[in-house]
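The structure file my_file12.cif is reproduced below (mmCIF, C-alpha atoms and all ligand atoms).
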```cif
data_entry
#
loop_
_atom_site.group_PDB
_atom_site.id
_atom_site.type_symbol
_atom_site.label_atom_id
_atom_site.label_comp_id
_atom_site.auth_asym_id
_atom_site.auth_seq_id
_atom_site.Cartn_x
_atom_site.Cartn_y
_atom_site.Cartn_z
ATOM 1 C CA VAL A 1 93.211 123.695 144.876
ATOM 2 C CA VAL A 2 95.759 124.453 142.143
ATOM 3 C CA TRP A 3 98.708 125.427 144.322
ATOM 4 C CA GLN A 4 99.449 125.665 148.004
ATOM 5 C CA ARG A 5 102.395 126.399 150.203
ATOM 6 C CA LYS A 6 102.921 126.981 153.925
ATOM 7 C CA ILE A 7 105.652 128.839 155.748
ATOM 8 C CA ASP A 8 106.207 128.602 159.499
ATOM 9 C CA THR A 9 106.778 132.181 160.663
ATOM 10 C CA ASN A 10 106.761 131.172 164.302
ATOM 11 C CA GLY A 11 109.559 128.597 164.218
ATOM 12 C CA PRO A 12 112.985 128.844 165.841
ATOM 13 C CA ALA A 13 113.937 131.711 163.473
ATOM 14 C CA LYS A 14 110.956 133.873 164.389
ATOM 15 C CA LEU A 15 110.237 136.300 161.539
ATOM 16 C CA GLY A 16 109.545 139.991 162.116
ATOM 17 C CA GLN A 17 106.722 141.986 160.525
ATOM 18 C CA PRO A 18 108.600 143.132 157.372
ATOM 19 C CA GLN A 19 109.839 139.584 156.689
ATOM 20 C CA VAL A 20 106.397 138.033 157.200
ATOM 21 C CA LEU A 21 104.819 140.552 154.806
ATOM 22 C CA ALA A 22 107.586 140.096 152.240
ATOM 23 C CA GLN A 23 107.219 136.297 152.405
ATOM 24 C CA ALA A 24 103.454 136.565 152.018
ATOM 25 C CA GLU A 25 103.786 138.881 149.003
ATOM 26 C CA THR A 26 106.257 136.520 147.358
ATOM 27 C CA MET A 27 103.827 133.636 147.886
ATOM 28 C CA VAL A 28 100.895 135.578 146.414
ATOM 29 C CA ARG A 29 103.016 136.410 143.338
ATOM 30 C CA GLU A 30 103.965 132.769 142.972
ATOM 31 C CA ALA A 31 100.341 131.655 143.412
ATOM 32 C CA SER A 32 99.083 134.092 140.787
ATOM 33 C CA GLN A 33 101.765 132.991 138.316
ATOM 34 C CA GLN A 34 100.831 129.347 138.910
ATOM 35 C CA ALA A 35 97.154 130.198 138.442
ATOM 36 C CA GLN A 36 97.816 131.996 135.167
ATOM 37 C CA ALA A 37 100.029 129.170 133.939
ATOM 38 C CA SER A 38 97.130 126.773 134.442
ATOM 39 C CA GLY A 39 94.711 129.047 132.601
ATOM 40 C CA HIS A 40 93.050 130.698 135.628
ATOM 41 C CA ARG A 41 92.585 134.378 136.321
ATOM 42 C CA LEU A 42 93.290 136.015 139.678
ATOM 43 C CA LEU A 43 89.957 137.528 140.731
ATOM 44 C CA GLY A 44 91.089 138.918 144.049
ATOM 45 C CA ILE A 45 92.948 138.252 147.258
ATOM 46 C CA GLY A 46 91.295 137.235 150.514
ATOM 47 C CA LEU A 47 93.441 137.861 153.551
ATOM 48 C CA GLY A 48 92.659 136.296 156.941
ATOM 49 C CA VAL A 49 94.502 137.909 159.848
ATOM 50 C CA PRO A 50 94.543 137.013 163.560
ATOM 51 C CA GLY A 51 93.193 140.258 164.991
ATOM 52 C CA LEU A 52 90.701 143.097 164.874
ATOM 53 C CA VAL A 53 89.966 144.370 161.362
ATOM 54 C CA ASP A 54 88.350 147.651 160.291
ATOM 55 C CA ARG A 55 86.302 146.264 157.397
ATOM 56 C CA THR A 56 85.610 149.696 155.888
ATOM 57 C CA THR A 57 89.303 150.393 155.309
ATOM 58 C CA GLY A 58 90.713 146.840 155.323
ATOM 59 C CA THR A 59 93.092 147.796 158.124
ATOM 60 C CA LEU A 60 94.385 145.347 160.707
ATOM 61 C CA LEU A 61 93.880 147.412 163.875
ATOM 62 C CA PHE A 62 95.392 145.097 166.474
ATOM 63 C CA ALA A 63 96.701 141.528 166.470
ATOM 64 C CA PRO A 64 97.451 140.676 170.140
ATOM 65 C CA ASN A 65 99.516 137.541 169.449
ATOM 66 C CA LEU A 66 101.604 139.170 166.709
ATOM 67 C CA GLY A 67 101.884 142.553 168.427
ATOM 68 C CA TRP A 68 100.918 144.221 165.122
ATOM 69 C CA ARG A 69 98.903 147.459 165.046
ATOM 70 C CA ASP A 70 97.319 149.683 162.400
ATOM 71 C CA MET A 71 98.403 147.928 159.196
ATOM 72 C CA PRO A 72 96.521 149.210 156.085
ATOM 73 C CA LEU A 73 96.812 145.781 154.455
ATOM 74 C CA ARG A 74 94.037 146.249 151.882
ATOM 75 C CA ASP A 75 95.540 149.448 150.450
ATOM 76 C CA MET A 76 99.052 148.013 150.528
ATOM 77 C CA TRP A 77 98.108 144.866 148.629
ATOM 78 C CA GLN A 78 95.671 146.478 146.207
ATOM 79 C CA ALA A 79 98.471 148.815 145.175
ATOM 80 C CA ALA A 80 100.924 145.923 144.934
ATOM 81 C CA PHE A 81 98.740 143.397 143.100
ATOM 82 C CA GLY A 82 96.125 145.389 141.197
ATOM 83 C CA VAL A 83 93.174 143.205 142.214
ATOM 84 C CA PRO A 84 90.485 143.639 144.886
ATOM 85 C CA VAL A 85 91.708 142.658 148.353
ATOM 86 C CA ILE A 86 89.394 141.739 151.221
ATOM 87 C CA VAL A 87 90.877 141.674 154.721
ATOM 88 C CA GLU A 88 88.974 139.754 157.381
ATOM 89 C CA ASN A 89 89.584 138.355 160.833
ATOM 90 C CA GLU A 90 90.892 134.802 160.367
ATOM 91 C CA ALA A 91 88.189 133.124 162.456
ATOM 92 C CA ASN A 92 85.462 135.039 160.616
ATOM 93 C CA ALA A 93 87.013 134.000 157.314
ATOM 94 C CA ALA A 94 87.214 130.391 158.494
ATOM 95 C CA ALA A 95 83.558 130.461 159.557
ATOM 96 C CA LEU A 96 82.642 131.657 156.076
ATOM 97 C CA GLY A 97 84.763 128.878 154.550
ATOM 98 C CA GLU A 98 82.931 126.251 156.602
ATOM 99 C CA LYS A 99 79.644 127.841 155.541
ATOM 100 C CA MET A 100 80.406 127.903 151.822
ATOM 101 C CA LEU A 101 82.544 124.778 151.442
ATOM 102 C CA GLY A 102 82.818 122.858 154.736
ATOM 103 C CA VAL A 103 80.835 121.268 157.577
ATOM 104 C CA ALA A 104 78.462 124.223 158.053
ATOM 105 C CA ARG A 105 76.839 124.162 154.594
ATOM 106 C CA ARG A 106 73.063 124.616 154.880
ATOM 107 C CA CYS A 107 73.624 125.887 158.426
ATOM 108 C CA ASP A 108 72.267 129.379 159.231
ATOM 109 C CA HIS A 109 73.229 129.614 162.909
ATOM 110 C CA PHE A 110 76.642 128.445 164.035
ATOM 111 C CA VAL A 111 79.744 129.367 165.996
ATOM 112 C CA TYR A 112 83.226 128.652 164.646
ATOM 113 C CA LEU A 113 86.054 128.305 167.168
ATOM 114 C CA SER A 114 89.533 128.613 165.768
ATOM 115 C CA ALA A 115 92.667 127.708 167.713
ATOM 116 C CA GLY A 116 95.626 128.917 165.649
ATOM 117 C CA VAL A 117 98.122 130.777 167.806
ATOM 118 C CA GLY A 118 95.396 132.234 169.971
ATOM 119 C CA LEU A 119 91.702 131.444 170.050
ATOM 120 C CA GLY A 120 89.360 133.188 167.616
ATOM 121 C CA GLY A 121 85.673 132.953 166.974
ATOM 122 C CA GLY A 122 83.336 133.517 164.036
ATOM 123 C CA LEU A 123 79.592 133.928 164.506
ATOM 124 C CA VAL A 124 77.133 133.140 161.735
ATOM 125 C CA ILE A 125 73.669 134.374 162.665
ATOM 126 C CA ASP A 126 70.668 134.199 160.328
ATOM 127 C CA ASP A 127 72.879 132.993 157.471
ATOM 128 C CA LYS A 128 75.291 135.961 157.786
ATOM 129 C CA LEU A 129 78.667 136.516 159.372
ATOM 130 C CA TYR A 130 77.874 138.663 162.412
ATOM 131 C CA GLY A 131 80.222 141.600 162.909
ATOM 132 C CA GLY A 132 78.478 143.739 165.508
ATOM 133 C CA VAL A 133 78.433 147.527 165.223
ATOM 134 C CA GLY A 134 82.128 147.885 164.390
ATOM 135 C CA GLY A 135 82.764 144.493 162.785
ATOM 136 C CA PHE A 136 84.666 143.241 165.836
ATOM 137 C CA ALA A 137 82.169 140.659 167.136
ATOM 138 C CA GLY A 138 83.300 137.094 167.730
ATOM 139 C CA GLU A 139 86.311 137.798 169.958
ATOM 140 C CA ILE A 140 85.136 134.974 172.188
ATOM 141 C CA GLY A 141 88.698 133.889 172.961
ATOM 142 C CA HIS A 142 88.925 137.003 175.137
ATOM 143 C CA MET A 143 85.867 136.276 177.250
ATOM 144 C CA THR A 144 87.024 136.264 180.887
ATOM 145 C CA MET A 145 86.731 132.766 182.329
ATOM 146 C CA VAL A 146 88.953 133.037 185.434
ATOM 147 C CA PRO A 147 89.102 136.570 186.916
ATOM 148 C CA ASP A 148 92.647 136.244 188.242
ATOM 149 C CA GLY A 149 93.804 133.694 185.688
ATOM 150 C CA PRO A 150 96.904 133.773 183.452
ATOM 151 C CA TYR A 151 97.824 137.024 181.691
ATOM 152 C CA CYS A 152 96.636 137.291 178.093
ATOM 153 C CA ASN A 153 98.341 139.120 175.209
ATOM 154 C CA CYS A 154 95.244 141.354 174.961
ATOM 155 C CA GLY A 155 96.053 142.904 178.361
ATOM 156 C CA ASN A 156 93.309 141.099 180.321
ATOM 157 C CA ARG A 157 93.661 138.119 182.667
ATOM 158 C CA GLY A 158 92.027 134.697 182.521
ATOM 159 C CA CYS A 159 90.708 134.981 178.960
ATOM 160 C CA TRP A 160 89.293 131.746 177.498
ATOM 161 C CA GLU A 161 92.307 131.734 175.149
ATOM 162 C CA THR A 162 94.711 131.469 178.099
ATOM 163 C CA LEU A 163 92.981 128.241 179.186
ATOM 164 C CA ILE A 164 92.383 126.324 175.944
ATOM 165 C CA GLY A 165 94.502 128.027 173.259
ATOM 166 C CA PRO A 166 97.492 126.199 171.731
ATOM 167 C CA THR A 167 99.949 128.333 173.711
ATOM 168 C CA ALA A 168 98.150 127.395 176.920
ATOM 169 C CA ILE A 169 98.269 123.683 176.005
ATOM 170 C CA MET A 170 101.993 123.842 175.215
ATOM 171 C CA ASP A 171 102.809 125.834 178.371
ATOM 172 C CA ARG A 172 101.010 123.360 180.591
ATOM 173 C CA VAL A 173 102.546 120.288 178.956
ATOM 174 C CA ARG A 174 106.045 121.816 179.168
ATOM 175 C CA GLN A 175 105.419 122.632 182.818
ATOM 176 C CA ALA A 176 104.413 119.020 183.514
ATOM 177 C CA ALA A 177 107.454 117.821 181.551
ATOM 178 C CA SER A 178 109.824 120.081 183.510
ATOM 179 C CA VAL A 179 108.850 118.378 186.779
ATOM 180 C CA GLY A 180 109.266 114.919 185.329
ATOM 181 C CA GLN A 181 105.595 114.050 184.819
ATOM 182 C CA THR A 182 105.930 113.096 181.132
ATOM 183 C CA PRO A 183 108.682 110.448 180.917
ATOM 184 C CA TRP A 184 107.466 108.975 177.588
ATOM 185 C CA LEU A 185 107.314 112.392 175.936
ATOM 186 C CA LEU A 186 110.744 113.440 177.214
ATOM 187 C CA ALA A 187 112.276 110.202 175.973
ATOM 188 C CA LEU A 188 111.219 110.840 172.362
ATOM 189 C CA PRO A 189 114.424 110.972 170.235
ATOM 190 C CA GLU A 190 113.575 114.429 168.819
ATOM 191 C CA ILE A 191 112.940 115.835 172.327
ATOM 192 C CA HIS A 192 115.822 114.119 174.127
ATOM 193 C CA GLY A 193 114.923 115.627 177.492
ATOM 194 C CA ASP A 194 114.701 119.189 176.142
ATOM 195 C CA VAL A 195 111.383 120.591 177.408
ATOM 196 C CA LYS A 196 111.577 123.629 175.103
ATOM 197 C CA SER A 197 111.569 121.511 171.957
ATOM 198 C CA ILE A 198 108.182 119.924 172.765
ATOM 199 C CA GLY A 199 105.704 120.859 170.020
ATOM 200 C CA MET A 200 102.046 120.117 169.383
ATOM 201 C CA PRO A 201 102.760 116.981 167.284
ATOM 202 C CA HIS A 202 104.684 115.534 170.277
ATOM 203 C CA VAL A 203 101.806 116.374 172.611
ATOM 204 C CA LEU A 204 99.381 114.563 170.320
ATOM 205 C CA ALA A 205 101.736 111.575 170.032
ATOM 206 C CA ALA A 206 102.017 111.412 173.835
ATOM 207 C CA ALA A 207 98.235 111.606 174.140
ATOM 208 C CA GLU A 208 97.885 108.755 171.682
ATOM 209 C CA HIS A 209 100.399 106.750 173.688
ATOM 210 C CA GLY A 210 98.354 107.440 176.829
ATOM 211 C CA GLU A 211 100.834 109.571 178.801
ATOM 212 C CA PRO A 212 98.734 110.354 181.921
ATOM 213 C CA ALA A 213 100.005 113.934 182.541
ATOM 214 C CA VAL A 214 99.394 114.927 178.914
ATOM 215 C CA LEU A 215 95.925 113.368 178.957
ATOM 216 C CA HIS A 216 95.245 115.330 182.160
ATOM 217 C CA VAL A 217 96.207 118.628 180.479
ATOM 218 C CA LEU A 218 93.989 117.847 177.482
ATOM 219 C CA ASP A 219 91.153 116.820 179.779
ATOM 220 C CA GLU A 220 91.385 120.207 181.525
ATOM 221 C CA VAL A 221 91.341 121.878 178.097
ATOM 222 C CA GLY A 222 88.208 119.868 177.304
ATOM 223 C CA ARG A 223 86.670 121.035 180.567
ATOM 224 C CA TYR A 224 87.174 124.741 179.856
ATOM 225 C CA LEU A 225 86.282 124.233 176.206
ATOM 226 C CA GLY A 226 82.971 122.715 177.299
ATOM 227 C CA ILE A 227 82.284 125.502 179.799
ATOM 228 C CA GLY A 228 82.816 128.120 177.081
ATOM 229 C CA ILE A 229 80.721 126.247 174.544
ATOM 230 C CA ALA A 230 77.903 125.924 177.088
ATOM 231 C CA ASN A 231 78.000 129.733 177.503
ATOM 232 C CA LEU A 232 77.894 130.207 173.729
ATOM 233 C CA ILE A 233 74.973 127.786 173.395
ATOM 234 C CA ASN A 234 73.049 129.702 176.056
ATOM 235 C CA ALA A 235 73.850 133.045 174.389
ATOM 236 C CA PHE A 236 73.318 132.187 170.711
ATOM 237 C CA ASN A 237 71.337 128.925 170.479
ATOM 238 C CA PRO A 238 73.404 127.740 167.472
ATOM 239 C CA GLU A 239 72.668 124.545 165.557
ATOM 240 C CA LEU A 240 76.381 123.834 165.241
ATOM 241 C CA VAL A 241 79.662 124.626 167.030
ATOM 242 C CA VAL A 242 82.657 123.957 164.762
ATOM 243 C CA LEU A 243 86.135 123.404 166.213
ATOM 244 C CA GLY A 244 89.088 124.282 164.000
ATOM 245 C CA GLY A 245 92.903 124.409 164.156
ATOM 246 C CA VAL A 246 94.612 122.589 167.021
ATOM 247 C CA LEU A 247 91.257 121.879 168.647
ATOM 248 C CA SER A 248 90.266 119.778 165.650
ATOM 249 C CA LEU A 249 93.513 117.750 165.844
ATOM 250 C CA ALA A 250 93.176 117.144 169.589
ATOM 251 C CA GLY A 251 89.473 116.330 169.206
ATOM 252 C CA PRO A 252 89.571 112.722 170.409
ATOM 253 C CA TYR A 253 91.231 113.749 173.707
ATOM 254 C CA ILE A 254 89.239 116.889 174.508
ATOM 255 C CA LEU A 255 85.805 116.384 172.969
ATOM 256 C CA PRO A 256 84.397 113.738 175.358
ATOM 257 C CA ARG A 257 85.076 115.965 178.391
ATOM 258 C CA ALA A 258 83.863 119.079 176.531
ATOM 259 C CA LYS A 259 80.575 117.381 175.643
ATOM 260 C CA GLN A 260 80.175 116.248 179.243
ATOM 261 C CA GLU A 261 80.524 119.868 180.427
ATOM 262 C CA VAL A 262 78.139 121.126 177.760
ATOM 263 C CA ASN A 263 75.508 118.592 178.850
ATOM 264 C CA ALA A 264 75.987 119.519 182.502
ATOM 265 C CA ARG A 265 75.965 123.308 182.047
ATOM 266 C CA ALA A 266 74.036 124.514 178.980
ATOM 267 C CA LEU A 267 70.286 124.996 179.266
ATOM 268 C CA ALA A 268 68.428 121.952 177.989
ATOM 269 C CA ALA A 269 66.303 123.669 175.344
ATOM 270 C CA PRO A 270 69.042 125.509 173.388
ATOM 271 C CA ARG A 271 71.416 122.575 173.897
ATOM 272 C CA ALA A 272 69.008 120.055 172.400
ATOM 273 C CA GLY A 273 69.438 121.431 168.908
ATOM 274 C CA THR A 274 73.218 121.893 169.005
ATOM 275 C CA GLU A 275 75.873 119.664 167.521
ATOM 276 C CA VAL A 276 79.638 120.045 168.156
ATOM 277 C CA ARG A 277 81.745 119.045 165.145
ATOM 278 C CA LEU A 278 85.346 119.248 163.956
ATOM 279 C CA SER A 279 86.280 121.548 161.082
ATOM 280 C CA ALA A 280 86.341 120.096 157.570
ATOM 281 C CA PHE A 281 89.573 121.970 156.847
ATOM 282 C CA LYS A 282 91.419 121.878 160.199
ATOM 283 C CA PHE A 283 94.379 124.291 159.827
ATOM 284 C CA ASP A 284 93.357 125.299 156.300
ATOM 285 C CA ALA A 285 89.936 126.636 157.303
ATOM 286 C CA CYS A 286 91.150 130.249 157.209
ATOM 287 C CA VAL A 287 92.625 129.758 153.729
ATOM 288 C CA MET A 288 89.424 128.226 152.371
ATOM 289 C CA GLY A 289 87.520 131.039 154.104
ATOM 290 C CA SER A 290 89.680 133.700 152.472
ATOM 291 C CA VAL A 291 88.925 132.113 149.097
ATOM 292 C CA SER A 292 85.254 132.247 150.065
ATOM 293 C CA LEU A 293 85.516 135.996 150.815
ATOM 294 C CA ILE A 294 86.298 136.619 147.149
ATOM 295 C CA VAL A 295 83.954 133.957 145.741
ATOM 296 C CA ARG A 296 81.059 135.423 147.751
ATOM 297 C CA GLU A 297 81.616 138.894 146.281
ATOM 298 C CA VAL A 298 82.002 137.580 142.736
ATOM 299 C CA LEU A 299 78.776 135.566 143.036
ATOM 300 C CA ASN A 300 76.958 138.601 144.465
ATOM 301 C CA ASP A 301 77.734 140.722 141.417
ATOM 302 C CA PRO A 302 79.756 138.919 138.692
ATOM 303 C CA ALA A 303 79.559 141.748 136.146
ATOM 304 C CA ALA A 304 81.006 144.313 138.539
ATOM 305 C CA TRP A 305 84.046 142.243 139.468
ATOM 306 C CA ARG A 306 87.074 143.564 137.605
ATOM 307 C CA PRO A 307 90.729 144.186 138.358
ATOM 308 C CA ILE A 308 90.793 147.670 139.867
ATOM 309 C CA VAL A 309 94.255 149.017 139.241
ATOM 310 C CA GLN A 310 96.041 147.050 136.571
ATOM 311 C CA PRO A 311 95.846 143.572 135.056
ATOM 312 C CA ILE A 312 97.887 141.042 136.973
ATOM 313 C CA GLU A 313 100.003 140.281 133.853
ATOM 314 C CA ALA A 314 101.625 143.689 134.322
ATOM 315 C CA LEU A 315 103.156 142.527 137.589
ATOM 316 C CA ALA A 316 105.476 140.004 136.029
HETATM 317 ZN ZN ZN B 1 92.599 138.123 176.088
#
```
Could you spell out this file's structure in structure tokens?
Amino acid sequence: VVWQRKIDTNGPAKLGQPQVLAQAETMVREASQQAQASGHRLLGIGLGVPGLVDRTTGTLLFAPNLGWRDMPLRDMWQAAFGVPVIVENEANAAALGEKMLGVARRCDHFVYLSAGVGLGGGLVIDDKLYGGVGGFAGEIGHMTMVPDGPYCNCGNRGCWETLIGPTAIMDRVRQAASVGQTPWLLALPEIHGDVKSIGMPHVLAAAEHGEPAVLHVLDEVGRYLGIGIANLINAFNPELVVLGGVLSLAGPYILPRAKQEVNARALAAPRAGTEVRLSAFKFDACVMGSVSLIVREVLNDPAAWRPIVQPIEALA
């Protein structure tokens, strides 16, 4: 990796759509300048987005947790940057990254579970990313797990995402904190009794310290994680289930319970060949996957891969 930079768009000063896009474009420009300065050429841009993507047009159709709809990202960025742009669902991209560069190398059948803001999934079947008829397969975070459960940003209730996604974890810990069940967590100097300022790093610190209410929340997450994984094992008979994002960070506190549920619920034969592992890239899996989107195309047909509009030097 030559250059990397992260911006929190979901912090206290929550950025709107135009600002997020402008920030992203600035970062791509900076990255391409850095690449050129170190003697590399920009071959293309891989873009992982948290929502449904029309792969034929490179349009983000709907991102439930951002509230974005119908964004022709491929056309916008190809016009702006003059190189091929591939837009893909972030969990699909991450699955590809694990396949090409991470824990799923030499693995032809696996499920990638990504907990970023919501909960996404990428399915690799027979060595290929599985998209279904419209390219929308893998939305396993929106499988209904509790019919009358919490409302989900997709419009449904009780989706898997509402039970094990990062937002669900934070909501439940804050709820426990607000009724005084997490004294150690609330006493942290950076929290100072303010429930709203509890973030995932604090939750993980409290878990490490052994705060019972926090461990209980994470144990429940492990329970529903395991139930969902058992369903996926029964449906797809994968050799590997990879956990990415927040799930990979909270692994030590949720995996034992998840594995217990998997053993209790999945059918013995498909379960016997399945391993559950943490992502090699954690929060960067989508980034490595987006790199893989371009690398895969270049390797498929190196001679055909050329800048399509203008050389990147012209952008300066
Ligand atoms: Zn949903």
When the cut-off is 7 Å and you count all atoms listed in the file, which residues lie near ligand ZN 1 (chain B), shown as a PDB file with C-alpha atoms, in the coordinates of the input?
```pdb
ATOM      1  CA  GLY A 141      88.698 133.889 172.961  1.00  0.00           C
ATOM      2  CA  HIS A 142      88.925 137.003 175.137  1.00  0.00           C
ATOM      3  CA  CYS A 152      96.636 137.291 178.093  1.00  0.00           C
ATOM      4  CA  ASN A 153      98.341 139.120 175.209  1.00  0.00           C
ATOM      5  CA  CYS A 154      95.244 141.354 174.961  1.00  0.00           C
ATOM      6  CA  GLY A 155      96.053 142.904 178.361  1.00  0.00           C
ATOM      7  CA  ASN A 156      93.309 141.099 180.321  1.00  0.00           C
ATOM      8  CA  ARG A 157      93.661 138.119 182.667  1.00  0.00           C
ATOM      9  CA  CYS A 159      90.708 134.981 178.960  1.00  0.00           C
ATOM     10  CA  GLU A 161      92.307 131.734 175.149  1.00  0.00           C
TER      11      GLU A 161
END
```
>> Residues within 10 Å of stretch 63-76 of chain A, please, as a PyMOL selection string. Count all atoms listed in the file; anything in the same chain fewer than 4 positions from it doesn't count.
In response: chain A and resi 10+16-17+21+45-47+49-59+80-81+84-89+117-119+152-155
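Proximity ranking of A:Ile164, A:Val195, A:Val28, A:Ala272 relative to A:Lys6 places A:Val28 first, based on only C-alpha atoms.
Our summary of the geometry notes that atom CA of A:Val214 is positioned 7.9 Å from atom CA of A:Ala176.
Proximity of A:Glu239, A:Asp8, A:Asp171, A:Glu275 to A:His109, computed with all atoms listed in the file, is greatest for A:Glu239.
Evaluating the PyMOL selection byres (((chain A and resi 130-137) around 9) and not hetatm) against the shown model yields Leu52, Val53, Asp54, Arg55, Asn89, Asn92, Gly121, Gly122, Leu123, Val124, Ile125, Asp126, Lys128, Leu129, Gly138, Glu139 and Ile140 of chain A.
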Is there a way to complete stretch 13-20 of chain A with all heavy atoms and then write that out as a PDB file, in the frame of the given file?
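File produced: part17.pdb:
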```pdb
ATOM      1  N   ALA A  13     113.526 130.411 163.997  1.00  0.00           N
ATOM      2  CA  ALA A  13     113.937 131.711 163.473  1.00  0.00           C
ATOM      3  C   ALA A  13     112.685 132.567 163.297  1.00  0.00           C
ATOM      4  O   ALA A  13     112.125 132.678 162.218  1.00  0.00           O
ATOM      5  CB  ALA A  13     114.649 131.532 162.141  1.00  0.00           C
ATOM      6  N   LYS A  14     112.219 133.132 164.405  1.00  0.00           N
ATOM      7  CA  LYS A  14     110.956 133.873 164.389  1.00  0.00           C
ATOM      8  C   LYS A  14     111.074 135.105 163.485  1.00  0.00           C
ATOM      9  O   LYS A  14     111.985 135.916 163.653  1.00  0.00           O
ATOM     10  CB  LYS A  14     110.614 134.298 165.827  1.00  0.00           C
ATOM     11  CG  LYS A  14     109.134 134.414 166.058  1.00  0.00           C
ATOM     12  CD  LYS A  14     108.799 134.587 167.521  1.00  0.00           C
ATOM     13  CE  LYS A  14     107.291 134.757 167.580  1.00  0.00           C
ATOM     14  NZ  LYS A  14     106.764 135.110 168.828  1.00  0.00           N
ATOM     15  N   LEU A  15     110.152 135.214 162.505  1.00  0.00           N
ATOM     16  CA  LEU A  15     110.237 136.300 161.539  1.00  0.00           C
ATOM     17  C   LEU A  15     109.551 137.562 162.067  1.00  0.00           C
ATOM     18  O   LEU A  15     108.531 137.498 162.735  1.00  0.00           O
ATOM     19  CB  LEU A  15     109.570 135.882 160.220  1.00  0.00           C
ATOM     20  CG  LEU A  15     110.134 134.636 159.521  1.00  0.00           C
ATOM     21  CD1 LEU A  15     109.370 134.365 158.243  1.00  0.00           C
ATOM     22  CD2 LEU A  15     111.616 134.804 159.223  1.00  0.00           C
ATOM     23  N   GLY A  16     110.141 138.709 161.740  1.00  0.00           N
ATOM     24  CA  GLY A  16     109.545 139.991 162.116  1.00  0.00           C
ATOM     25  C   GLY A  16     108.501 140.406 161.096  1.00  0.00           C
ATOM     26  O   GLY A  16     108.316 139.752 160.063  1.00  0.00           O
ATOM     27  N   GLN A  17     107.814 141.535 161.385  1.00  0.00           N
ATOM     28  CA  GLN A  17     106.722 141.986 160.525  1.00  0.00           C
ATOM     29  C   GLN A  17     107.132 142.202 159.064  1.00  0.00           C
ATOM     30  O   GLN A  17     106.457 141.699 158.158  1.00  0.00           O
ATOM     31  CB  GLN A  17     106.125 143.267 161.107  1.00  0.00           C
ATOM     32  CG  GLN A  17     104.868 143.703 160.421  1.00  0.00           C
ATOM     33  CD  GLN A  17     104.417 145.056 160.939  1.00  0.00           C
ATOM     34  OE1 GLN A  17     104.987 146.090 160.593  1.00  0.00           O
ATOM     35  NE2 GLN A  17     103.418 145.049 161.787  1.00  0.00           N
ATOM     36  N   PRO A  18     108.240 142.918 158.784  1.00  0.00           N
ATOM     37  CA  PRO A  18     108.600 143.132 157.372  1.00  0.00           C
ATOM     38  C   PRO A  18     108.869 141.815 156.639  1.00  0.00           C
ATOM     39  O   PRO A  18     108.461 141.638 155.490  1.00  0.00           O
ATOM     40  CB  PRO A  18     109.888 143.972 157.445  1.00  0.00           C
ATOM     41  CG  PRO A  18     109.931 144.526 158.821  1.00  0.00           C
ATOM     42  CD  PRO A  18     109.196 143.562 159.700  1.00  0.00           C
ATOM     43  N   GLN A  19     109.531 140.869 157.334  1.00  0.00           N
ATOM     44  CA  GLN A  19     109.839 139.584 156.689  1.00  0.00           C
ATOM     45  C   GLN A  19     108.575 138.772 156.418  1.00  0.00           C
ATOM     46  O   GLN A  19     108.449 138.151 155.367  1.00  0.00           O
ATOM     47  CB  GLN A  19     110.783 138.741 157.566  1.00  0.00           C
ATOM     48  CG  GLN A  19     112.204 139.267 157.653  1.00  0.00           C
ATOM     49  CD  GLN A  19     112.399 140.172 158.866  1.00  0.00           C
ATOM     50  OE1 GLN A  19     111.424 140.661 159.439  1.00  0.00           O
ATOM     51  NE2 GLN A  19     113.644 140.416 159.234  1.00  0.00           N
ATOM     52  N   VAL A  20     107.640 138.786 157.390  1.00  0.00           N
ATOM     53  CA  VAL A  20     106.397 138.033 157.200  1.00  0.00           C
ATOM     54  C   VAL A  20     105.635 138.590 155.999  1.00  0.00           C
ATOM     55  O   VAL A  20     105.166 137.840 155.128  1.00  0.00           O
ATOM     56  CB  VAL A  20     105.503 138.091 158.467  1.00  0.00           C
ATOM     57  CG1 VAL A  20     104.122 137.513 158.185  1.00  0.00           C
ATOM     58  CG2 VAL A  20     106.160 137.324 159.608  1.00  0.00           C
TER      59      VAL A  20
END
```
